[in-house]
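Novice: Can you read through this structure? Questions will come right after.
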Number of protein chains: 2
Amino acid sequence: MNTPLIIDGKAVAAAVLEECRVEAAALTEKGITPGLAVVVVGDDPASKVYVGSKARTCADLGFHSVKIELPTETTQEELLEVVRKLNADPAVHGILVQSPPPKHINEEEIIRAIDPRKDVDGFHPENVAKLALEDPTGFVPCTPAGCMKLLEVSGIDTNGAEAVVIGRSMIVGKPMALLLVSKNSNATVTIAHSRSKDLPGICRRADILIAAVGRPDMVKADWVKPGAVVIDVGINRVEDSSKKSGYRLTGDVAYDEVAPKCAAITPVPGGVGPMTIAMLMKNTLQAARQISNSKL
Amino acid sequence: MNTPLIIDGKAVAAAVLEECRVEAAALTEKGITPGLAVVVVGDDPASKVYVGSKARTCADLGFHSVKIELPTETTQEELLEVVRKLNADPAVHGILVQSPPPKHINEEEIIRAIDPRKDVDGFHPENVAKLALEDPTGFVPCTPAGCMKLLEVSGIDTNGAEAVVIGRSMIVGKPMALLLVSKNSNATVTIAHSRSKDLPGICRRADILIAAVGRPDMVKADWVKPGAVVIDVGINRVEDSSKKSGYRLTGDVAYDEVAPKCAAITPVPGGVGPMTIAMLMKNTLQAARQISNSKL
């Protein structure tokens with residue numbers, strides 16, 4: 001048994017946000033107030049919470065913030081028109097349409113309609129390509145960017161390390177793998193997924209294990225090599241009658257049994273979660289800088 | 001010792017090209033002759049050979065073929081103008097600028113200038129993103145597409161298999177990894193590279209090993225698990241005084257010692273090499289089909 005480093009995502013996120021505050025003030029002094037527009041369609045309560053917290057963070061950091069709440073029955077064309085107006089709005093540097101939209105909305109078309117220079121979520125094909133091409137002017141999706149930041153500030157050397165990413169989504173798994181294998185990071189990267197054979201055996205090879213599948217407590221102690229670094233991207237709600245809310249949050253990693261084997265691990269909540277919004281603010285600053293520079 | 005399946009890339013390429021011939025004839029009957037334009041700048045002898053062979057293959061299959069040879073001193077702007085004219089030419093469905101161009105040319109800008117609907121090399125960011133997003137309307141780079149075709153026709157099941165790709169270039173390594181991990185293929189994929197620790201050990205895990213590094217005979221027998229499938233993307237010239245040319249071609253895999261351990265292996269030459277041009281023709285047909293459909 002050893003005592004693992006518990007990577008404090010809340011503290012790292014707070015530090016990133018402090019940096020953002022300073023940078024925002026400096027930009028504002030030059031006449032550029034970084035601006036983020038968040039669009040939410042429909043009444044999904046979780047979406048409303050996310051959007052509210054993004055707007056509050058903007059206000060707190062001195063960003064210009066636009067929150068657009070649209071009714072569920074908003075049409076594709078109406079939503080496209082909102083995006084086009086935000087593309088043209090010089091006070092807005094970042095645009096985010098909260099996912100998931102109602103089912104009648106073609107989300108891919110909406111993402112493509114966002115000006116890639118304002119696509120702070122990093123989901124536009126232009127930014128997907130820039131990530132693969134290792135072009136730093138692109139926007140990296142916030143969650144994998146947050147994971148990289150946690151590794152970096154925790155002093156974890158990725159060079160030549162064996163990293164295993166469980167999950168192959170375009171939101172986390174694939175961008176995470178591309179970041180880890182890039183020349184900035186130089187990890188040997190394995191992408192595993194639901195169809196992988198012997199997932200426990202594959203995970204046991206990892207010096208750095210990233211779990212991004214959305215299955216509560218899937219990664220058990222015997223999936224983890226002693227001394228590994230474990231980054232848990234999962235945020236799952238499981239029923240818990242002892243809680244007032246009736247549920248508790250848990251990650252993809254069976255934390256209590258895995259933590260004692262690790263060199264370092266992120267808890268849930270308080271690990272990767274808080275990083276996502278911090279990296280969104282960082283991306284918005286990057287957008288404000290890049291857009292204002294391109295106008296000089 | 002066993003007798004491995006020697007994957008006959010020449011025969012597979014010939015079959016793909018026969019398919020292309022039939023499809024080209026059918027399209028031509030409908031008034032659409034698939035057209036490929038190949039641009040080469042400068043006097044690199046290898047480039048001239050490649051470009052000549054692409055033009056001959058086009059002629060042989062009944063494609064419309066445009067070969068543009070430009071002097072070394074061609075400027076960036078002149079080359080961009082050539083690309084723009086080809087973008088606008090309705091008889092041209094595929095455009096390829098032979099790599100590498102002379103050093104004063106910004107190749108990335110040239111690639112971005114190609115209409116992504118005509119980017120049959122699959123290097124335009126739009127197509128890089130479509131590959132990551134698993135959008136079949138994109139163009140897959142020819143060499144990794146050829147490797148996938150070889151696996152397919154050889155009846156090799158990629159589902160849940162452990163694949164290891166050595167090399168992380170945007171021409172082969174990364175697209176290969178994205179293809180293997182996609183929902184069409186479902187392999188567990190490891191991307192290894194020059195900075196990986198214990199490369200032999202990593203390679204020994206592979207059910208399917210793809211070598212794309214450009215180092216002659218690097219992969220030795222003890223790097224390969226008995227019964228593995230080995231795809232050798234390397235085409236290296238090594239000095240050989242016994243040859244009239246003074247050199248012979250060899251892959252990244254030490255074929256003579258590795259082959260007896262394999263279930264299947266591609267030789268060099270005659271393995272992956274011939275597939276590249278065949279997939280280029282296939283991509284050109286896809287472009288002709290897609291462009292003509294979008295005009296209906």
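All residue names refer to the structure tokens as shown: chains lettered A, B, ... in order, residues numbered from 1 in each chain, ligands numbered from 1 in order.
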Within 6 Å of chain A, which residues of chain B show up? Give each one with its shortest atom-to-atom distance in Å (one decimal) and the two atoms involved, counting only C-alpha atoms, rows by chain then rising residue number, as CSV.
Specialist:
residue,atom,partner,partner_atom,distance
B:Pro125,CA,A:Ala129,CA,5.0
B:Val128,CA,A:Ala129,CA,5.4
B:Ala129,CA,A:Ala129,CA,4.8
B:Gly160,CA,A:Ser196,CA,4.5
B:Thr188,CA,A:Ala192,CA,5.0
B:Val189,CA,A:Ile191,CA,5.3
B:Thr190,CA,A:Thr190,CA,3.9
B:Ile191,CA,A:Val189,CA,5.3
B:Ala192,CA,A:Thr188,CA,5.1
B:Arg195,CA,A:Gly160,CA,5.4
B:Ser196,CA,A:Gly160,CA,4.5
B:Lys197,CA,A:Gly160,CA,5.3
Novice: Based on DSSP run over this structure's backbone, return all residues of segment 14-185 of chain A in alpha helix (DSSP H), as a ChimeraX atom specification.
Specialist: /A:14-29,45-61,76-88,107-113,125-132,142-153,173-181
Novice: If we count only C-alpha atoms, what is near Ile231 of chain B at a cut-off of 9 Å, once residues fewer than 3 positions away on the same chain are taken out, given as a PyMOL selection string?
Specialist: chain B and resi 7+147+150-151+208-212+253+264-267+271-272
Novice: Can you write just those residues out, all heavy atoms, as a compact mmCIF listing (two decimals), in the first residue's frame?
Specialist:
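Just written: out.txt:
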# COMPACT_ATOMS: atom_id res chain seq x y z
N ILE B 7 1.02 -11.89 -48.82
CA ILE B 7 -0.06 -11.06 -49.36
C ILE B 7 0.43 -10.39 -50.64
O ILE B 7 1.38 -9.62 -50.62
CB ILE B 7 -0.52 -10.02 -48.31
CG1 ILE B 7 -1.03 -10.73 -47.04
CG2 ILE B 7 -1.60 -9.11 -48.89
CD1 ILE B 7 -1.42 -9.80 -45.90
N CYS B 147 -3.50 -0.47 -47.18
CA CYS B 147 -3.23 -1.47 -46.13
C CYS B 147 -4.53 -2.09 -45.64
O CYS B 147 -4.61 -3.31 -45.43
CB CYS B 147 -2.50 -0.82 -44.96
SG CYS B 147 -0.84 -0.23 -45.36
N LEU B 150 -5.75 -4.59 -48.13
CA LEU B 150 -4.98 -5.84 -48.08
C LEU B 150 -5.45 -6.73 -46.94
O LEU B 150 -5.59 -7.94 -47.09
CB LEU B 150 -3.48 -5.55 -47.94
CG LEU B 150 -2.77 -4.95 -49.16
CD1 LEU B 150 -1.31 -4.66 -48.85
CD2 LEU B 150 -2.89 -5.88 -50.37
N LEU B 151 -5.71 -6.12 -45.77
CA LEU B 151 -6.22 -6.90 -44.62
C LEU B 151 -7.56 -7.50 -44.98
O LEU B 151 -7.83 -8.68 -44.72
CB LEU B 151 -6.35 -6.00 -43.38
CG LEU B 151 -5.05 -5.49 -42.76
CD1 LEU B 151 -5.35 -4.48 -41.65
CD2 LEU B 151 -4.22 -6.65 -42.21
N ILE B 208 -1.76 -7.71 -35.38
CA ILE B 208 -1.55 -7.07 -36.68
C ILE B 208 -0.50 -5.98 -36.47
O ILE B 208 -0.70 -5.08 -35.65
CB ILE B 208 -2.86 -6.44 -37.20
CG1 ILE B 208 -3.93 -7.52 -37.39
CG2 ILE B 208 -2.62 -5.68 -38.50
CD1 ILE B 208 -5.34 -6.97 -37.63
N LEU B 209 0.61 -6.09 -37.17
CA LEU B 209 1.71 -5.13 -37.00
C LEU B 209 1.88 -4.35 -38.30
O LEU B 209 2.05 -4.95 -39.37
CB LEU B 209 3.00 -5.89 -36.66
CG LEU B 209 4.26 -5.03 -36.45
CD1 LEU B 209 4.09 -4.07 -35.27
CD2 LEU B 209 5.48 -5.93 -36.22
N ILE B 210 1.81 -3.03 -38.20
CA ILE B 210 1.97 -2.17 -39.37
C ILE B 210 3.26 -1.38 -39.17
O ILE B 210 3.37 -0.60 -38.22
CB ILE B 210 0.81 -1.16 -39.51
CG1 ILE B 210 -0.55 -1.82 -39.23
CG2 ILE B 210 0.87 -0.42 -40.84
CD1 ILE B 210 -1.24 -2.45 -40.37
N ALA B 211 4.23 -1.57 -40.04
CA ALA B 211 5.51 -0.86 -39.91
C ALA B 211 5.57 0.26 -40.94
O ALA B 211 5.50 0.01 -42.14
CB ALA B 211 6.66 -1.84 -40.11
N ALA B 212 5.67 1.48 -40.44
CA ALA B 212 5.70 2.65 -41.34
C ALA B 212 6.67 3.68 -40.78
O ALA B 212 6.28 4.75 -40.35
CB ALA B 212 4.30 3.24 -41.48
N VAL B 253 10.76 -4.23 -42.46
CA VAL B 253 10.73 -5.52 -41.79
C VAL B 253 11.83 -6.41 -42.39
O VAL B 253 11.98 -6.48 -43.61
CB VAL B 253 9.35 -6.19 -42.01
CG1 VAL B 253 9.31 -7.59 -41.39
CG2 VAL B 253 8.23 -5.32 -41.41
N ALA B 264 0.62 -14.09 -41.94
CA ALA B 264 0.55 -13.43 -43.23
C ALA B 264 1.51 -12.25 -43.21
O ALA B 264 1.74 -11.65 -42.16
CB ALA B 264 -0.88 -12.95 -43.52
N ILE B 265 2.06 -11.92 -44.37
CA ILE B 265 3.02 -10.81 -44.46
C ILE B 265 3.00 -10.23 -45.86
O ILE B 265 2.72 -10.94 -46.83
CB ILE B 265 4.44 -11.31 -44.06
CG1 ILE B 265 5.44 -10.14 -43.97
CG2 ILE B 265 4.95 -12.38 -45.01
CD1 ILE B 265 6.77 -10.51 -43.29
N THR B 266 3.28 -8.94 -45.95
CA THR B 266 3.42 -8.31 -47.26
C THR B 266 4.90 -8.23 -47.63
O THR B 266 5.72 -7.83 -46.80
CB THR B 266 2.85 -6.88 -47.28
OG1 THR B 266 3.56 -6.08 -46.32
CG2 THR B 266 1.37 -6.85 -46.96
N PRO B 267 5.26 -8.60 -48.84
CA PRO B 267 6.65 -8.46 -49.27
C PRO B 267 6.95 -7.03 -49.72
O PRO B 267 6.03 -6.23 -49.90
CB PRO B 267 6.74 -9.40 -50.47
CG PRO B 267 5.35 -9.37 -51.05
CD PRO B 267 4.40 -9.15 -49.89
N GLY B 271 4.10 -5.51 -52.17
CA GLY B 271 3.10 -5.60 -51.11
C GLY B 271 2.24 -4.35 -51.10
O GLY B 271 1.36 -4.18 -51.94
N VAL B 272 2.53 -3.46 -50.13
CA VAL B 272 1.74 -2.23 -50.00
C VAL B 272 1.96 -1.29 -51.19
O VAL B 272 1.03 -0.63 -51.64
CB VAL B 272 2.11 -1.51 -48.68
CG1 VAL B 272 1.42 -0.16 -48.57
CG2 VAL B 272 1.76 -2.40 -47.48
Novice: Here is a test: counting only C-alpha atoms, which residue of B:Asp60, B:Asp222, B:Asp115, B:Glu108 is nearest to Pro260 of chain B?
Specialist: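 Once distances to Pro260 of chain B are computed over only C-alpha atoms, the minimum belongs to B:Asp222.
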Novice: Write out as a PyMOL selection string the residues lying within 9 Å of segment 29-36 of chain B, counting only C-alpha atoms and excluding same-chain residues fewer than 6 positions away.
Specialist: chain B and resi 54-55+58+62-67+90-96+118+120+281+284-285+287-289+292
Novice: Which residues are close to Leu70 of chain B, i.e. within 12 Å by only C-alpha atoms, leaving aside same-chain residues fewer than 2 positions away? Reply as a PyMOL selection string.
Specialist: chain B and resi 38-44+48+67-68+72-76+78-79+82+97-98+101-102
Novice: Write out the residues from the selection above, keeping N, CA and C atoms, as a PDB file, in the first residue's frame.
Specialist:
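To be explicit, this is the file written out as selection_13.pdb:
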ATOM      1  N   VAL B  38      -2.309  15.601 -62.102  1.00  0.00           N
ATOM      2  CA  VAL B  38      -1.126  15.430 -61.275  1.00  0.00           C
ATOM      3  C   VAL B  38      -0.150  16.553 -61.606  1.00  0.00           C
ATOM      4  N   VAL B  39       0.262  17.250 -60.565  1.00  0.00           N
ATOM      5  CA  VAL B  39       1.159  18.383 -60.740  1.00  0.00           C
ATOM      6  C   VAL B  39       2.501  18.040 -60.105  1.00  0.00           C
ATOM      7  N   VAL B  40       3.563  18.263 -60.831  1.00  0.00           N
ATOM      8  CA  VAL B  40       4.889  18.036 -60.245  1.00  0.00           C
ATOM      9  C   VAL B  40       5.751  19.270 -60.497  1.00  0.00           C
ATOM     10  N   VAL B  41       6.417  19.704 -59.437  1.00  0.00           N
ATOM     11  CA  VAL B  41       7.271  20.884 -59.536  1.00  0.00           C
ATOM     12  C   VAL B  41       8.718  20.446 -59.357  1.00  0.00           C
ATOM     13  N   GLY B  42       9.578  20.799 -60.331  1.00  0.00           N
ATOM     14  CA  GLY B  42      11.006  20.494 -60.192  1.00  0.00           C
ATOM     15  C   GLY B  42      11.402  19.206 -60.869  1.00  0.00           C
ATOM     16  N   ASP B  43      12.649  18.777 -60.611  1.00  0.00           N
ATOM     17  CA  ASP B  43      13.252  17.698 -61.386  1.00  0.00           C
ATOM     18  C   ASP B  43      13.568  16.448 -60.578  1.00  0.00           C
ATOM     19  N   ASP B  44      12.942  16.287 -59.412  1.00  0.00           N
ATOM     20  CA  ASP B  44      13.234  15.097 -58.619  1.00  0.00           C
ATOM     21  C   ASP B  44      12.924  13.845 -59.446  1.00  0.00           C
ATOM     22  N   LYS B  48       9.250  12.238 -60.756  1.00  0.00           N
ATOM     23  CA  LYS B  48       8.913  12.102 -62.179  1.00  0.00           C
ATOM     24  C   LYS B  48       8.425  10.685 -62.483  1.00  0.00           C
ATOM     25  N   LYS B  67      -1.330  15.992 -66.855  1.00  0.00           N
ATOM     26  CA  LYS B  67      -0.029  15.993 -66.180  1.00  0.00           C
ATOM     27  C   LYS B  67       0.580  17.372 -66.364  1.00  0.00           C
ATOM     28  N   ILE B  68       0.865  18.030 -65.264  1.00  0.00           N
ATOM     29  CA  ILE B  68       1.425  19.379 -65.339  1.00  0.00           C
ATOM     30  C   ILE B  68       2.814  19.367 -64.716  1.00  0.00           C
ATOM     31  N   THR B  72      11.469  24.044 -61.453  1.00  0.00           N
ATOM     32  CA  THR B  72      11.836  24.189 -60.040  1.00  0.00           C
ATOM     33  C   THR B  72      11.587  25.609 -59.529  1.00  0.00           C
ATOM     34  N   GLU B  73      11.800  26.598 -60.392  1.00  0.00           N
ATOM     35  CA  GLU B  73      11.704  27.986 -59.938  1.00  0.00           C
ATOM     36  C   GLU B  73      10.269  28.518 -59.899  1.00  0.00           C
ATOM     37  N   THR B  74       9.289  27.648 -60.125  1.00  0.00           N
ATOM     38  CA  THR B  74       7.882  28.052 -60.001  1.00  0.00           C
ATOM     39  C   THR B  74       7.638  28.690 -58.633  1.00  0.00           C
ATOM     40  N   THR B  75       6.923  29.804 -58.614  1.00  0.00           N
ATOM     41  CA  THR B  75       6.671  30.463 -57.325  1.00  0.00           C
ATOM     42  C   THR B  75       5.433  29.863 -56.664  1.00  0.00           C
ATOM     43  N   GLN B  76       5.310  30.145 -55.375  1.00  0.00           N
ATOM     44  CA  GLN B  76       4.137  29.720 -54.609  1.00  0.00           C
ATOM     45  C   GLN B  76       2.860  30.215 -55.301  1.00  0.00           C
ATOM     46  N   GLU B  78       2.348  31.119 -58.414  1.00  0.00           N
ATOM     47  CA  GLU B  78       2.102  30.429 -59.698  1.00  0.00           C
ATOM     48  C   GLU B  78       1.497  29.044 -59.463  1.00  0.00           C
ATOM     49  N   LEU B  79       2.029  28.347 -58.467  1.00  0.00           N
ATOM     50  CA  LEU B  79       1.513  27.004 -58.182  1.00  0.00           C
ATOM     51  C   LEU B  79       0.073  27.085 -57.658  1.00  0.00           C
ATOM     52  N   VAL B  82      -2.215  27.477 -60.540  1.00  0.00           N
ATOM     53  CA  VAL B  82      -2.440  26.199 -61.235  1.00  0.00           C
ATOM     54  C   VAL B  82      -3.505  25.390 -60.492  1.00  0.00           C
ATOM     55  N   VAL B  97      -0.757  17.127 -55.926  1.00  0.00           N
ATOM     56  CA  VAL B  97       0.518  17.807 -56.131  1.00  0.00           C
ATOM     57  C   VAL B  97       1.587  16.890 -55.553  1.00  0.00           C
ATOM     58  N   GLN B  98       2.454  16.405 -56.430  1.00  0.00           N
ATOM     59  CA  GLN B  98       3.432  15.404 -56.013  1.00  0.00           C
ATOM     60  C   GLN B  98       4.347  15.946 -54.913  1.00  0.00           C
ATOM     61  N   PRO B 101       7.599  18.977 -52.848  1.00  0.00           N
ATOM     62  CA  PRO B 101       7.891  20.071 -53.777  1.00  0.00           C
ATOM     63  C   PRO B 101       9.242  20.691 -53.416  1.00  0.00           C
ATOM     64  N   PRO B 102       9.779  21.586 -54.265  1.00  0.00           N
ATOM     65  CA  PRO B 102      11.023  22.276 -53.899  1.00  0.00           C
ATOM     66  C   PRO B 102      10.857  23.033 -52.580  1.00  0.00           C
TER      67      PRO B 102
END
Novice: Which residue out of B:Arg204, B:Arg215, B:Glu109, B:Ser241 has the minimum interatomic distance to Gly227 of chain B when only C-alpha atoms are used?
Specialist: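 Of all the options, B:Arg204 lies closest to Gly227 of chain B.
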Novice: List as a PyMOL selection string the protein and nucleic acid residues near Leu61 of chain A, meaning an atom at most 8 Å away when only C-alpha atoms are counted, but skip any in the same chain fewer than 5 places from it.
Specialist: chain A and resi 17+20-21+24
Novice: From a backbone DSSP assignment, name each residue in segment 139-185 of chain A labelled strand (DSSP E), as a PDB file with N, CA, C and O atoms, in the first residue's frame.
Specialist:
ATOM      1  N   GLU A 162       3.816   4.424 -21.533  1.00  0.00           N
ATOM      2  CA  GLU A 162       2.710   3.678 -22.129  1.00  0.00           C
ATOM      3  C   GLU A 162       1.407   4.278 -21.617  1.00  0.00           C
ATOM      4  O   GLU A 162       1.093   4.186 -20.430  1.00  0.00           O
ATOM      5  N   ALA A 163       0.657   4.878 -22.525  1.00  0.00           N
ATOM      6  CA  ALA A 163      -0.646   5.417 -22.149  1.00  0.00           C
ATOM      7  C   ALA A 163      -1.727   4.551 -22.769  1.00  0.00           C
ATOM      8  O   ALA A 163      -1.603   4.111 -23.907  1.00  0.00           O
ATOM      9  N   VAL A 164      -2.770   4.282 -21.999  1.00  0.00           N
ATOM     10  CA  VAL A 164      -3.925   3.566 -22.534  1.00  0.00           C
ATOM     11  C   VAL A 164      -5.147   4.455 -22.345  1.00  0.00           C
ATOM     12  O   VAL A 164      -5.406   4.932 -21.230  1.00  0.00           O
ATOM     13  N   VAL A 165      -5.858   4.700 -23.432  1.00  0.00           N
ATOM     14  CA  VAL A 165      -7.092   5.481 -23.394  1.00  0.00           C
ATOM     15  C   VAL A 165      -8.243   4.513 -23.621  1.00  0.00           C
ATOM     16  O   VAL A 165      -8.271   3.822 -24.639  1.00  0.00           O
ATOM     17  N   ILE A 166      -9.168   4.428 -22.645  1.00  0.00           N
ATOM     18  CA  ILE A 166     -10.355   3.591 -22.871  1.00  0.00           C
ATOM     19  C   ILE A 166     -11.460   4.513 -23.354  1.00  0.00           C
ATOM     20  O   ILE A 166     -11.869   5.429 -22.629  1.00  0.00           O
TER      21      ILE A 166
END
Novice: Which of these, A:Ala263, A:Leu179, A:Ala37, A:Val233, has the shortest distance to Leu249 of chain A once you count only C-alpha atoms?
Specialist: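 Using only C-alpha atoms, the shortest distance to Leu249 of chain A belongs to A:Val233.
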